[in-house]
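Written out below as structure tokens is the structure these notes cover.
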Amino acid sequence: MDFGLVAALADWLDAGWWWSILQVVLGLGAVIFVHELGHFLAAKACGVKAEKFYVGFDAFDIKIGDRVIIPRRLIHFQWGETEYGIGILPLGGYVKMLGQDDNPGKAAEERERSMTAPGEGVDRPKLDPRSYMAKSVSQRMLIISAGVIMNLIFAVIFATLAFRFGVNYEPTTVGSTIPGSPAWQNNLDGATITKISGVRTDDPDRYYTFTHLREAIIMDSQDGPLEMEIVRPGNSKPSLESIIAVDELIGMKGGAGLKSLGVMPMLSTTLGNPPVLEGQAAEKAQPPLMAGDRVIQIGSTLIVNGFDMRSTFAKYSDQPVTIKVQRGGATGELIDVLLLPNPSRGLGLEMELGPVLAVRKGTPAAIKGLQPLDRIISIDGQRVGDPFTLPQRMLQAARESRMVKLTVLRADEASKREDGMSELQIDIQPELPEFAYNADARFGITVESLGVSLQVNSRIAHPISEHSPLIAGDEIISVKFELNARQSANKRFEGMEKEIDILEEPKMWPVIDSQIQILDPGTRVVVKYNRDNLINSADLSVIELEGWFRETRGIVPEPYQALYQNASLWTATKNGFRQTGDDATRVLKFLRKLMNGQLSVKHFGGPGTIAVVATAEASQGTSRLLLFLTLLSANLAIVNFLPIPVLDGGHMVFLAYEGIFRRPVSERLQLVLTYAGLLFLVALMVTVIGLDIWRFT
């Protein structure tokens, strides 16, 4: 059976997917339509003849030879004096008015076309009174600005409808943190951020989501430490803290990094569809788990949210647990489900443990004075062993209340050793972990019982299997997974068949290890490695590591979402204005940081990015799409009013000059500036489309 074909057909037959696409097409079309409608209505109100009204541009036919395959106009019809239509290029729209052309090179031709013939009592041609050029500066300003005004009006309308109907959103509660990140170091797991950079995230009159929180972190962290108000689990009293974001946690394709604290949103306790991951322990649960099941208890611990679930699983990672789920809604039956521990998987290799990357505040490691760049070289007098079994080994020591002796190398200027290091002996008491190790760590692993984040190198410290073709000291430089047909057809494994070049990302081994955990035992893995400056290749297989387990059980919870809804149309309208203002301010802030070099053009998204984000929002519900259209409308209004020739803002500058000096800008200067503006916009469009292609391939 061709699993790939089956998966592709399933996508095409998914009615929900098609409905999301249709909503996006209609929504984006509406944003363009209302912008052009503003120009059109203003032109009509000022008595200007509108010859064309198009959504999309009817620039050219698509041909093969002399045969037209797709015409330049998909739909068009004449109604009165105006031709209405949909053009082939879905990159905007336009209203063609008598006497107006965006190309100054056609100004003379357009003026000639808008002249009336001599009549009785008139011995020479004159401008048609219905020509755009015959109107006053103030009337032309109204016509030019009407598109932006209409976008802002409809941005308010979109937001008002969303808030009145109700919109699901992810609150600013942290579900987990990236190991070693500022959020991890400052114990933000499970915490709610109630204020950031002076803005309250819990204001009932402000729609503020986890996405907005991430944007605020990216924008405001450019100016220094982030001032935040934080409420941690089990503590209702907020604390005011200043945390510095870093720029290496969010890796964007193309090399554009963004500052981040390393926070991820909260998950719910309700299982999604599918409820479990294939090949993981949860798939063998008895009785089987089902989509919609709500976890309410693990062992004797009551579970309120996804953070509780992760934290509790961390304490019992190597033991079977009984979880209690509620099936069938709030009044459904309670079912006890036995969940076995999740076997750890690997390649039969013990990787080299790198230096300490970070230390979490208030943990045993912090109390004992462990520092970043320290290197743990032995534990209880023995070699460190497999770094990925360290969390379980320290958990066992915590259960036994057993002290652990760490031998640590630390840089010391006074050291007499050749490597400039001093050897320290640290006795440390591990504690039961409050947080689960995040297996999707980008740059490190955490040993929560100690409170340290550790680098894992791609150099082999010791081959576990005596039959391994690799030996200690070999450095793996690339990894390629050979997926079976079932895995290749599963979206979860999408992109995993590409070769991973570790030389490009030397800290990638924890990510590779997390991918290994979801592969079937026996999966072939081709590795290239460097031995004595010679590149070799070896075939390895994924194996289960007997007696070793991971904290994750393979349960798939849904994202935690709350409902934001205004009880009255008046409140929704008031908040619609506020949301539009917030979105417009966000765009201006981005442009300001772009101009001063704090952000890069690589952070722009093109049509592909807009389509992907819009479809994702539409899949979350119509209200989410409406709020995305609010943001898009505010974007269009601000960007379109920038003083760039060709854009409405550029026309407004020319009109302002004409109004002040009582004469239009010379045609020659207009021509030069317009072509310069057009060249800039074309270059920008090519850049963002190129970035889209780079991101999605």
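Labels used: A, B, ... for chains in the order of the structure tokens, numbers from 1 for residues in each chain, and numbers from 1 for ligands as shown.
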Polymer residues at most 12 Å from Leu390 in chain A, only C-alpha atoms, same-chain spacing of 2 or more positions, as a ChimeraX atom specification
/A:350,353,376,378-379,383-388,392-397,404,430,437,445-454,456,548-550
So that I can see what lies close to range 631-648 of chain A, please list as an MDAnalysis selection string the residues with an atom at most 10 Å from it, counting only C-alpha atoms and leaving out residues fewer than 4 positions away in the same chain.
chainID A and resid 28 30:32 34:35 101:104 141 143:156 158:159 579:588 591 610 614 625:627 652:654 670:678 680:681
Interatomic distance (Å, one decimal) between CA of Gly85 in chain A and CA of Arg73 in chain A:
6.7 Å
Please return, as a PyMOL selection string, all residues of range 439-684 of chain A that DSSP assigns to strand (DSSP E) on the basis of the backbone.
chain A and resi 445-447+452-463+475-482+500-501+524-531+534-541+543-550+555-559+562-564
Can you spit out the residues from that selection as a compact mmCIF listing (two decimals), in the first residue's frame, using C-alpha atoms?
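To be explicit, this is the file written out as out_8.txt:
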```txt
# COMPACT_ATOMS: atom_id res chain seq x y z
CA ILE A 445 19.32 18.71 28.33
CA THR A 446 18.31 19.35 31.92
CA VAL A 447 18.81 17.32 35.05
CA VAL A 452 21.41 22.18 35.72
CA SER A 453 21.24 22.43 31.95
CA LEU A 454 24.01 20.53 30.21
CA GLN A 455 25.44 20.50 26.72
CA VAL A 456 25.70 17.13 24.98
CA ASN A 457 28.35 16.94 22.27
CA SER A 458 28.29 14.82 19.12
CA ARG A 459 31.59 13.20 20.13
CA ILE A 460 31.40 9.59 21.33
CA ALA A 461 32.61 9.03 24.88
CA HIS A 462 32.00 5.28 24.92
CA PRO A 463 30.21 2.77 22.63
CA GLU A 475 32.83 12.74 16.17
CA ILE A 476 29.50 12.37 14.38
CA ILE A 477 29.11 15.06 11.73
CA SER A 478 25.78 14.10 10.13
CA VAL A 479 22.77 11.86 10.73
CA LYS A 480 20.17 10.54 8.29
CA PHE A 481 17.11 8.54 9.34
CA GLU A 482 15.86 5.86 6.93
CA ILE A 500 21.10 16.62 9.54
CA ASP A 501 24.41 18.44 9.22
CA ARG A 524 18.10 2.33 10.19
CA VAL A 525 20.20 5.41 10.88
CA VAL A 526 23.14 6.37 8.66
CA VAL A 527 25.80 8.43 10.42
CA LYS A 528 28.91 10.07 9.04
CA TYR A 529 31.75 10.53 11.50
CA ASN A 530 35.23 11.96 11.69
CA ARG A 531 38.00 9.67 12.94
CA LEU A 534 39.02 10.89 7.91
CA ILE A 535 35.28 10.90 7.12
CA ASN A 536 33.62 7.50 7.47
CA SER A 537 30.04 6.23 7.31
CA ALA A 538 28.25 3.63 9.43
CA ASP A 539 24.80 2.07 9.59
CA LEU A 540 23.25 2.00 13.05
CA SER A 541 19.83 0.93 14.34
CA ILE A 543 17.39 0.26 20.01
CA GLU A 544 15.47 0.33 23.28
CA LEU A 545 17.76 0.89 26.27
CA GLU A 546 16.78 -1.71 28.85
CA GLY A 547 16.01 -0.24 32.27
CA TRP A 548 16.08 3.38 31.12
CA PHE A 549 13.00 5.54 30.59
CA ARG A 550 11.95 9.05 29.54
CA ILE A 555 0.19 11.43 25.71
CA VAL A 556 -0.95 14.21 23.35
CA PRO A 557 -2.87 16.92 25.23
CA GLU A 558 -4.74 19.70 23.46
CA PRO A 559 -3.50 23.28 23.88
CA ALA A 562 -9.62 30.24 27.42
CA LEU A 563 -12.58 32.14 25.93
CA TYR A 564 -12.50 35.92 25.54
```
Residue nearest Thr160 in chain A among A:Gln429, A:Ser666, A:Thr622, A:Asn575 (counting only C-alpha atoms):
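Going through A:Gln429, A:Ser666, A:Thr622, A:Asn575 one by one, the smallest distance to Thr160 in chain A is for A:Asn575.
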Counting only C-alpha atoms, the residue among A:Ile296, A:Met115, A:Ala216, A:Leu188 that lies closest to Arg200 in chain A is A:Ala216
Kindly indicate which residue among A:Met266, A:Leu503, A:Leu432, A:Met351 lies nearest to Asn305 in chain A, using only C-alpha atoms for the distances.
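Of all the options, A:Met266 lies closest to Asn305 in chain A.
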Atom pair CA of Ile64 in chain A / CA of Gly87 in chain A: separation (Å)
18.8 Å
